[in-house]
>>> print(open('input_38.cif').read())   # mmCIF, C-alpha atoms
data_my_file
#
loop_
_atom_site.label_atom_id
_atom_site.label_comp_id
_atom_site.auth_asym_id
_atom_site.auth_seq_id
_atom_site.Cartn_x
_atom_site.Cartn_y
_atom_site.Cartn_z
CA MET A 30 114.28 221.30 72.82
CA LEU A 31 115.38 224.89 73.08
CA SER A 32 117.32 224.62 69.84
CA ARG A 33 114.22 223.32 68.16
CA LEU A 34 112.25 226.27 69.45
CA PHE A 35 115.04 228.57 68.37
CA CYS A 36 115.03 227.08 64.88
CA SER A 37 111.29 227.17 64.56
CA THR A 38 110.91 230.82 65.47
CA GLY A 39 111.40 233.36 62.78
CA ARG A 40 110.07 231.02 60.12
CA ILE A 41 108.15 232.82 57.43
CA VAL A 42 104.69 231.35 57.22
CA GLY A 43 103.26 231.65 53.76
CA LYS A 44 100.70 234.36 53.22
CA SER A 45 97.70 232.58 51.90
CA THR A 46 94.28 233.82 52.73
CA LYS A 47 92.46 230.61 51.89
CA ILE A 48 94.36 228.49 54.42
CA PRO A 49 93.88 229.55 58.02
CA LEU A 50 96.90 230.76 59.96
CA CYS A 51 96.73 228.04 62.60
CA LEU A 52 97.13 225.31 59.96
CA ARG A 53 99.96 227.15 58.24
CA VAL A 54 101.82 227.50 61.54
CA VAL A 55 101.30 223.80 62.33
CA SER A 56 102.59 222.74 58.93
CA ALA A 57 105.55 225.11 59.14
CA ARG A 58 106.47 223.73 62.55
CA SER A 59 106.07 220.06 61.71
CA ASN A 60 107.61 220.08 58.21
CA SER A 61 111.12 221.31 57.74
CA THR A 62 110.64 221.37 53.96
CA ASN A 63 108.19 223.30 51.87
CA SER A 64 104.65 222.20 52.38
CA VAL A 65 101.41 223.01 50.67
CA ILE A 66 98.08 222.50 52.33
CA GLU A 67 95.32 221.13 50.17
CA THR A 68 91.85 221.54 51.55
CA GLY A 69 89.65 218.93 49.98
CA THR A 70 85.95 218.63 50.54
CA SER A 71 86.25 217.06 53.96
CA THR A 72 89.97 216.45 54.54
CA ILE A 73 93.04 218.63 54.97
CA GLN A 74 96.33 217.23 53.65
CA ILE A 75 99.77 218.70 54.10
CA LYS A 76 101.80 217.95 50.96
CA ASP A 77 105.58 218.05 51.09
CA MET A 78 106.92 219.38 47.80
CA ASN A 79 110.32 217.71 48.25
CA TYR A 80 108.68 214.25 48.43
CA PRO A 81 105.81 214.55 45.97
CA ALA A 82 105.38 210.79 45.55
CA ARG A 83 104.41 210.19 49.17
CA LEU A 84 101.33 208.06 49.39
CA ASP A 85 98.56 209.90 51.21
CA ASP A 86 95.74 207.54 50.32
CA TRP A 87 97.44 204.49 51.81
CA GLU A 88 94.21 202.77 52.77
CA ASN A 89 93.03 202.20 49.20
CA PHE A 90 96.46 201.36 47.78
CA LYS A 91 96.78 198.15 45.76
CA MET A 92 100.17 196.66 44.92
CA PRO A 93 100.58 196.57 41.13
CA GLY A 94 101.17 192.83 40.76
CA ALA A 95 99.17 191.62 43.73
CA PRO A 96 96.52 188.95 43.22
CA TYR A 97 92.94 190.17 43.41
CA GLU A 98 89.70 188.41 44.25
CA GLY A 99 88.29 187.41 40.89
CA MET A 100 91.54 186.61 39.12
CA GLY A 101 91.24 182.81 38.99
CA PRO A 102 93.93 180.21 39.71
CA LEU A 103 97.54 181.32 39.94
CA PRO A 104 100.04 179.66 37.58
CA PRO A 105 101.81 176.67 39.12
CA LEU A 106 105.27 177.34 40.49
CA PRO A 107 107.81 175.16 38.66
CA ASP A 108 109.84 172.71 40.70
CA TYR A 109 113.11 173.96 39.33
CA ASP A 110 114.23 177.28 37.94
CA GLN A 111 114.83 177.39 34.23
CA ASN A 112 118.41 177.06 33.16
CA PHE A 113 120.04 180.39 32.53
CA THR A 114 123.29 178.97 31.17
CA ARG A 115 124.13 176.39 28.60
CA HIS A 116 127.19 174.27 29.05
CA TYR A 117 127.71 175.97 32.36
CA VAL A 118 129.27 179.18 31.04
CA PHE A 119 127.29 180.44 28.03
CA PRO A 120 124.20 182.53 28.95
CA GLU A 121 120.91 181.33 27.54
CA THR A 122 120.13 184.86 26.32
CA TRP A 123 122.81 184.53 23.63
CA PHE A 124 120.97 181.50 22.18
CA GLN A 125 117.55 183.11 22.45
CA PHE A 126 118.82 186.25 20.75
CA LEU A 127 119.84 184.37 17.57
CA TYR A 128 117.09 181.76 17.58
CA PRO A 129 114.63 183.73 15.37
CA ARG A 130 117.21 184.21 12.62
CA THR A 131 119.46 181.20 12.80
CA GLY A 132 117.53 178.59 14.69
CA ALA A 133 118.79 176.40 17.50
CA THR A 134 122.37 176.01 16.25
CA GLY A 135 123.01 179.65 15.46
CA THR A 136 125.05 180.52 18.50
CA TYR A 137 127.01 177.32 18.28
CA THR A 138 127.89 178.10 14.70
CA LEU A 139 128.83 181.62 15.64
CA LEU A 140 131.07 180.52 18.49
CA THR A 141 132.70 177.80 16.41
CA GLY A 142 133.33 180.22 13.59
CA LEU A 143 134.68 182.75 16.01
CA ALA A 144 137.03 180.18 17.52
CA ALA A 145 138.13 179.12 14.06
CA MET A 146 138.82 182.72 13.12
CA LEU A 147 140.78 183.34 16.30
CA VAL A 148 142.94 180.26 15.84
CA SER A 149 143.40 180.87 12.14
CA LYS A 150 144.54 184.45 12.53
CA GLU A 151 146.49 183.45 15.64
CA TYR A 152 144.70 185.85 17.84
CA TYR A 153 144.53 182.76 20.01
CA ILE A 154 148.07 181.35 20.16
CA TYR A 155 148.44 177.60 20.62
CA SER A 156 150.93 177.05 23.39
CA HIS A 157 151.58 174.93 26.45
CA ASP A 158 148.99 177.05 28.26
CA THR A 159 146.35 175.57 25.95
CA TRP A 160 146.98 172.14 27.49
CA TYR A 161 146.97 173.70 30.95
CA ALA A 162 143.58 175.29 30.24
CA ALA A 163 142.17 172.04 28.84
CA ALA A 164 143.37 170.07 31.87
CA PHE A 165 141.96 172.74 34.15
CA ILE A 166 138.56 172.65 32.47
CA ILE A 167 138.38 168.84 32.45
CA ALA A 168 139.47 168.55 36.08
CA PHE A 169 137.05 171.11 37.40
CA THR A 170 134.18 169.81 35.32
CA THR A 171 134.77 166.32 36.69
CA LEU A 172 135.05 167.62 40.23
CA ASN A 173 131.87 169.63 39.83
CA LYS A 174 129.93 166.66 38.49
CA ALA A 175 131.21 164.35 41.18
CA VAL A 176 131.28 166.48 44.29
CA GLY A 177 129.33 169.62 43.39
CA PRO A 178 125.89 168.61 44.64
CA PHE A 179 127.39 167.25 47.86
CA ILE A 180 129.16 170.55 48.59
CA ARG A 181 126.04 172.50 47.71
CA ASP A 182 123.90 170.47 50.12
CA PHE A 183 126.60 170.86 52.75
CA THR A 184 126.57 174.63 52.54
CA GLU A 185 122.85 175.00 51.80
CA SER A 186 121.96 175.57 55.44
CA LEU A 187 124.10 178.71 55.65
CA ARG A 188 122.44 180.26 52.64
CA VAL A 189 118.97 179.21 53.67
CA ASP A 190 119.44 180.55 57.20
CA ARG A 191 120.34 183.94 55.83
CA LEU A 192 117.31 183.96 53.53
CA LYS A 193 115.10 182.91 56.42
CA ALA A 194 116.48 185.79 58.47
CA TYR A 195 115.65 188.21 55.66
CA ASP A 196 112.12 186.83 55.46
CA GLN A 197 111.78 187.07 59.22
CA VAL A 198 112.80 190.72 59.14
CA LYS A 199 110.18 191.37 56.51
CA ALA A 200 107.53 189.41 58.44
CA ASP A 201 108.29 191.28 61.65
CA GLU A 202 108.13 194.59 59.83
CA MET A 203 104.79 193.57 58.34
CA ASP A 204 103.41 192.62 61.74
CA GLY A 205 104.53 195.91 63.21
CA LEU A 206 102.98 197.81 60.35
CA ILE A 207 99.72 195.89 60.65
CA LYS A 208 99.65 196.79 64.33
CA THR A 209 100.33 200.40 63.43
CA VAL A 210 97.51 200.34 60.91
CA ASP A 211 95.15 198.91 63.53
CA GLU A 212 96.20 201.61 65.97
CA ILE A 213 95.61 204.28 63.38
CA LYS A 214 92.18 202.88 62.65
CA LEU A 215 91.40 202.86 66.36
CA GLU A 216 92.44 206.48 66.65
CA GLN A 217 90.26 207.34 63.67
CA TRP A 218 87.32 205.61 65.33
CA ARG A 219 87.99 207.55 68.50
CA ALA A 220 88.10 210.75 66.53
CA LYS A 221 84.65 209.92 65.19
CA GLY A 222 83.46 209.81 68.78
CA GLN A 223 84.85 213.29 69.19
CA GLU A 224 82.52 214.32 66.39
CA LEU A 225 79.50 213.23 68.45
CA ILE A 226 80.83 215.12 71.46
CA ASN A 227 81.22 218.21 69.34
CA GLU A 228 77.67 217.88 68.03
CA ALA A 229 76.32 217.54 71.55
CA ARG A 230 78.32 220.57 72.59
CA LYS A 231 76.97 222.51 69.64
CA THR A 232 73.36 221.63 70.46
CA ASN A 233 74.01 222.54 74.09
CA LEU A 234 75.43 225.84 73.01
CA ALA A 235 72.49 226.51 70.73
CA MET A 236 70.11 225.77 73.54
CA MET A 237 72.01 228.04 75.90
CA LEU A 238 72.04 230.80 73.34
CA GLU A 239 68.32 230.45 72.78
CA THR A 240 67.57 230.55 76.49
CA GLU A 241 69.79 233.59 76.91
CA TYR A 242 68.06 235.25 73.98
CA ILE A 243 64.65 234.55 75.44
CA ASN A 244 65.77 235.77 78.85
CA ARG A 245 67.07 238.97 77.40
CA GLN A 246 63.93 239.45 75.38
CA ALA A 247 61.92 239.00 78.57
CA SER A 248 64.11 241.46 80.43
CA VAL A 249 63.77 243.96 77.60
CA VAL A 250 60.03 243.56 77.68
CA GLU A 251 60.05 243.96 81.45
CA ALA A 252 62.19 247.06 81.32
CA VAL A 253 60.05 248.68 78.65
CA LYS A 254 56.93 247.72 80.55
CA ARG A 255 58.38 249.20 83.73
CA LYS A 256 59.10 252.44 82.02
CA LEU A 257 55.68 252.57 80.44
CA ASP A 258 54.02 251.65 83.74
CA TYR A 259 55.96 254.46 85.39
CA GLN A 260 54.71 256.90 82.82
CA VAL A 261 51.21 255.56 83.21
CA THR A 262 51.31 255.85 86.99
CA VAL A 263 52.79 259.32 86.71
CA GLN A 264 49.98 260.35 84.42
CA LYS A 265 47.43 258.77 86.73
CA VAL A 266 48.94 260.49 89.69
CA ASP A 267 48.83 263.79 87.84
CA THR A 268 45.22 263.33 86.84
CA GLU A 269 44.35 262.18 90.35
CA LEU A 270 45.96 265.18 91.86
CA THR A 271 44.37 267.63 89.50
CA GLN A 272 40.99 265.99 89.58
CA GLY A 273 41.09 265.55 93.32
CA HIS A 274 42.15 269.08 93.86
CA MET A 275 39.51 270.30 91.48
CA VAL A 276 36.84 268.16 93.10
CA LYS A 277 37.83 269.30 96.55
CA TRP A 278 37.88 272.89 95.47
CA ILE A 279 34.48 272.54 93.87
CA GLU A 280 33.13 270.75 96.89
CA LYS A 281 34.53 273.37 99.12
CA LYS A 282 32.99 276.10 97.07
CA VAL A 283 29.75 274.29 96.87
CA MET A 284 29.75 273.67 100.57
CA GLU A 285 30.43 277.34 101.11
CA THR A 286 27.38 278.26 99.08
CA ILE A 287 25.23 275.84 100.97
CA THR A 288 23.55 277.81 103.87
CA PRO A 289 20.94 276.53 106.26
CA GLU A 290 18.17 278.39 104.37
CA THR A 291 19.07 276.89 101.06
CA GLN A 292 19.34 273.50 102.70
CA LYS A 293 15.80 273.79 104.01
CA ALA A 294 14.48 275.05 100.69
CA THR A 295 16.04 272.19 98.75
CA LEU A 296 14.81 269.70 101.28
CA ASN A 297 11.17 271.04 100.91
CA ALA A 298 11.49 270.91 97.16
CA CYS A 299 12.65 267.32 97.26
CA ILE A 300 9.82 266.35 99.58
CA ALA A 301 7.28 268.01 97.22
CA GLN A 302 8.81 266.12 94.27
CA LEU A 303 8.62 262.86 96.12
CA ASN A 304 4.96 263.56 97.00
CA THR A 305 4.16 264.13 93.36
CA ILE A 306 5.99 260.95 92.34
CA ALA A 307 4.27 258.96 95.10
CA SER A 308 0.84 260.18 94.07
CA LYS A 309 1.45 259.00 90.51
CA MET B 8 114.87 215.72 19.81
CA ALA B 9 112.97 212.50 19.21
CA GLY B 10 112.77 210.43 22.34
CA LYS B 11 113.19 213.34 24.69
CA ALA B 12 111.65 212.49 28.01
CA ASP B 13 108.44 214.16 28.89
CA LEU B 14 105.50 212.96 30.85
CA ALA B 15 103.49 212.30 27.70
CA ASN B 16 105.70 209.64 26.14
CA LEU B 17 107.41 208.23 29.18
CA ALA B 18 106.58 204.56 28.48
CA GLN B 19 109.95 204.27 26.81
CA HIS B 20 111.98 202.61 29.53
CA PRO B 21 110.71 199.80 31.73
CA LYS B 22 111.81 201.72 34.75
CA TYR B 23 109.03 204.26 34.15
CA TYR B 24 106.33 202.02 32.65
CA ALA B 25 104.16 201.56 35.70
CA SER B 26 105.39 204.43 37.84
CA LYS B 27 103.19 207.26 38.92
CA LEU B 28 104.78 210.39 37.56
CA GLU B 29 104.31 213.65 39.41
CA PRO B 30 104.73 217.01 37.76
CA GLY B 31 108.07 218.47 38.68
CA MET B 32 109.90 215.13 38.82
CA LYS B 33 113.42 215.12 37.41
CA LEU B 34 113.91 212.43 34.75
CA PRO B 35 116.85 211.67 32.47
CA ALA B 36 116.84 213.49 29.16
CA ASP B 37 116.75 210.34 27.03
CA THR B 38 114.73 207.41 28.34
CA ARG B 39 114.85 205.27 25.17
CA LEU B 40 116.09 201.73 25.32
CA LEU B 41 119.43 201.15 23.62
CA ARG B 42 117.76 198.85 21.09
CA ASP B 43 115.60 201.80 19.97
CA VAL B 44 118.52 204.17 19.46
CA LYS B 45 119.64 204.42 15.86
CA LEU B 46 123.21 203.48 15.08
CA TYR B 47 124.23 206.98 14.07
CA GLU B 48 122.80 208.29 17.36
CA VAL B 49 124.75 205.85 19.55
CA PRO B 50 127.84 208.04 20.05
CA GLY B 51 125.59 210.90 21.04
CA TRP B 52 123.67 208.62 23.36
CA PHE B 53 126.92 207.37 24.86
CA SER B 54 128.12 210.91 25.49
CA GLN B 55 124.88 211.69 27.33
CA ARG B 56 125.41 208.94 29.89
CA ASN B 57 126.39 209.81 33.44
CA PHE B 58 130.14 209.30 33.82
CA SER B 59 130.53 211.00 37.17
CA PRO B 60 131.86 208.77 39.99
CA LEU B 61 128.35 208.29 41.30
CA GLY B 62 127.08 207.56 37.81
CA LEU B 63 129.77 204.96 37.27
CA TRP B 64 128.96 203.39 40.61
CA PHE B 65 125.29 203.28 39.67
CA SER B 66 126.04 201.62 36.33
CA PHE B 67 128.19 199.02 38.08
CA LYS B 68 125.37 198.54 40.58
CA ARG B 69 122.86 197.98 37.80
CA PHE B 70 125.13 195.48 36.09
CA ARG B 71 125.70 193.60 39.32
CA HIS B 72 122.00 193.62 40.13
CA GLN B 73 121.17 192.12 36.75
CA LEU B 74 123.88 189.49 37.07
CA TRP B 75 122.94 188.47 40.58
CA SER B 76 119.23 188.41 39.83
CA LYS B 77 119.83 185.93 37.02
CA TYR B 78 122.56 183.71 38.40
CA TYR B 79 122.86 184.17 42.16
CA HIS B 80 119.42 184.92 43.65
CA VAL B 81 117.83 181.76 42.31
CA ARG B 82 116.45 178.89 44.27
CA ARG B 83 119.30 176.47 43.54
CA PRO B 84 122.42 178.38 42.51
CA GLY B 85 125.39 176.49 41.19
CA GLY B 86 128.89 177.44 40.15
CA ASN B 87 127.70 179.06 36.92
CA LEU B 88 128.40 182.60 38.01
CA VAL B 89 131.88 181.77 39.26
CA ALA B 90 132.67 179.88 36.06
CA MET B 91 131.48 182.79 33.90
CA LEU B 92 133.45 185.31 35.92
CA ALA B 93 136.55 183.11 35.78
CA GLY B 94 136.17 182.71 32.03
CA SER B 95 135.72 186.47 31.56
CA ALA B 96 138.75 187.12 33.73
CA ALA B 97 140.77 184.59 31.70
CA VAL B 98 139.75 186.25 28.44
CA LEU B 99 140.64 189.69 29.75
CA MET B 100 144.00 188.44 31.06
CA TYR B 101 144.71 186.86 27.65
CA ILE B 102 143.92 190.12 25.88
CA THR B 103 146.17 191.99 28.31
CA ASP B 104 149.05 189.56 27.83
CA TYR B 105 148.62 188.99 24.07
CA ARG B 106 151.29 191.56 23.24
CA ASP B 107 153.86 189.67 25.27
CA MET B 108 152.80 186.32 23.76
CA LYS B 109 153.27 187.38 20.14
CA SER B 110 156.71 185.77 20.13
CA HIS B 111 155.04 182.36 20.72
CA MET B 112 153.21 182.45 17.37
CA LEU B 113 153.58 179.35 15.21
CA ARG B 114 153.33 181.09 11.88
CA LYS B 115 154.49 184.47 10.72
CA TYR B 116 151.82 185.09 8.05
CA HIS B 117 148.14 184.36 8.46
#
>>> encode(input="input_38.cif", output="structure tokens")
Amino acid sequence: MLSRLFCSTGRIVGKSTKIPLCLRVVSARSNSTNSVIETGTSTIQIKDMNYPARLDDWENFKMPGAPYEGMGPLPPLPDYDQNFTRHYVFPETWFQFLYPRTGATGTYTLLTGLAAMLVSKEYYIYSHDTWYAAAFIIAFTTLNKAVGPFIRDFTESLRVDRLKAYDQVKADEMDGLIKTVDEIKLEQWRAKGQELINEARKTNLAMMLETEYINRQASVVEAVKRKLDYQVTVQKVDTELTQGHMVKWIEKKVMETITPETQKATLNACIAQLNTIASK
Amino acid sequence: MAGKADLANLAQHPKYYASKLEPGMKLPADTRLLRDVKLYEVPGWFSQRNFSPLGLWFSFKRFRHQLWSKYYHVRRPGGNLVAMLAGSAAVLMYITDYRDMKSHMLRKYH
């Protein structure tokens, strides 16, 4: 673990302004080879330049020769494989190669002529070994015809068991991979749930922001109003003071001027006025 | 050079017919089939082949894969492969020992 940390520190993360730093660090940590991040419309893919043929879109992959839905009936599988040798040792491809030019007997003619040439020029030397070879061929051909199928059936189980084991390995691998695919799909579905959670969180956040905004607006209004109210009250207090003082001063002065004689005179005048008004 | 491998005309060898080719892939210089190589170009073609130990191993591997696919990995294999190999071995042994058998010739002039 520590060695891994030691190796991963000091790695130069590419300077690209389009790709955010967090993604570059993640890709540099996870990939030991060069990686390029491609930001598509909605997906982010980390591409390893040393393995460019890696399949990223594995969900929509179709095997090249796989049967598809509207293809129709498959060709029937033959009971036996076609013969790839003629007379047990000569490959069929030799005969097919010469068939267009020389027909069905072309290769036979060629081989016969070749044998004739070899014997004639004594590139093949007739000796006691010739008889040995002939006896060998006849004996083994007879043995093969007589006992060959029996031996093949005897040893068929060994071969078939091995092939079955190979198929089983492949089947097990397929099952494991199918399970992995299902798990991946489940994780993708869960991630979609995360999207809903994120949306809810976003709406919650928006609501909280709006409430905070409104609260602050209200507090601003209140503060401004308080200040203005203060000014207003100060002004009122000033006017009250001045007016009150003025009124009191005037009253005082007026009261000073009022003497008992003037009081009586005004009173008589008022009574006379009232008499005139009453008579009308 | 005609037949030089590039991504445009890479349908020249069955190995690359249906493959997805990425830019930056390393391919052999000449991807023509041997049947499409002119006779006067064959020595040049032969000299271009990979004769390093790994290249020789790969060529042997290809040969064996072809042989086994045709004669061994079939549903009911017989003794055809063994017979062909024995015959080829016999022919090669004969060619190797021909020099020593020249004294057994029946005629002097052919």
>>> interface_residues(input="input_38.cif", of="chain B", to="chain A", cutoff="10 Å", atoms="all atoms listed in the file", output="JSON, numbers by chain")
{"B": [25, 26, 27, 28, 29, 30, 31, 32, 77, 78, 81, 82, 83, 84, 85, 86, 87, 88, 89, 90, 91, 92, 93, 94, 95, 97, 101, 102, 105, 108, 109, 110, 111, 112, 113, 114, 115, 116, 117]}
>>> atom_distance(input="input_38.cif", atom1="atom CA of Leu41 of chain B", atom2="atom CA of Phe58 of chain B")
16.9 Å
>>> residues_around(input="input_38.cif", residues="Leu40 of chain B", least_positions_apart="2", cutoff="8 Å", atoms="all atoms listed in the file", output="PDB file with C-alpha atoms, keeping the file's coordinate frame")
ATOM      1  CA  GLN B  19     109.950 204.270  26.810  1.00  0.00           C
ATOM      2  CA  HIS B  20     111.980 202.610  29.530  1.00  0.00           C
ATOM      3  CA  THR B  38     114.730 207.410  28.340  1.00  0.00           C
ATOM      4  CA  ARG B  42     117.760 198.850  21.090  1.00  0.00           C
ATOM      5  CA  ASP B  43     115.600 201.800  19.970  1.00  0.00           C
ATOM      6  CA  VAL B  44     118.520 204.170  19.460  1.00  0.00           C
TER       7      VAL B  44
END
>>> atom_distance(input="input_38.cif", atom1="atom CA of Val98 of chain B", atom2="atom CA of Ser59 of chain B")
27.8 Å
>>> atom_distance(input="input_38.cif", atom1="atom CA of Asp211 of chain A", atom2="atom CA of Asp77 of chain A")
25.1 Å
>>> axis_aligned_box(input="input_38.cif", around="segment 20-33 of chain B", padding_each_side="6 Å", output="JSON")
{"center_x": 108.3, "center_y": 209.1, "center_z": 34.5, "size_x": 22.2, "size_y": 30.7, "size_z": 21.9}
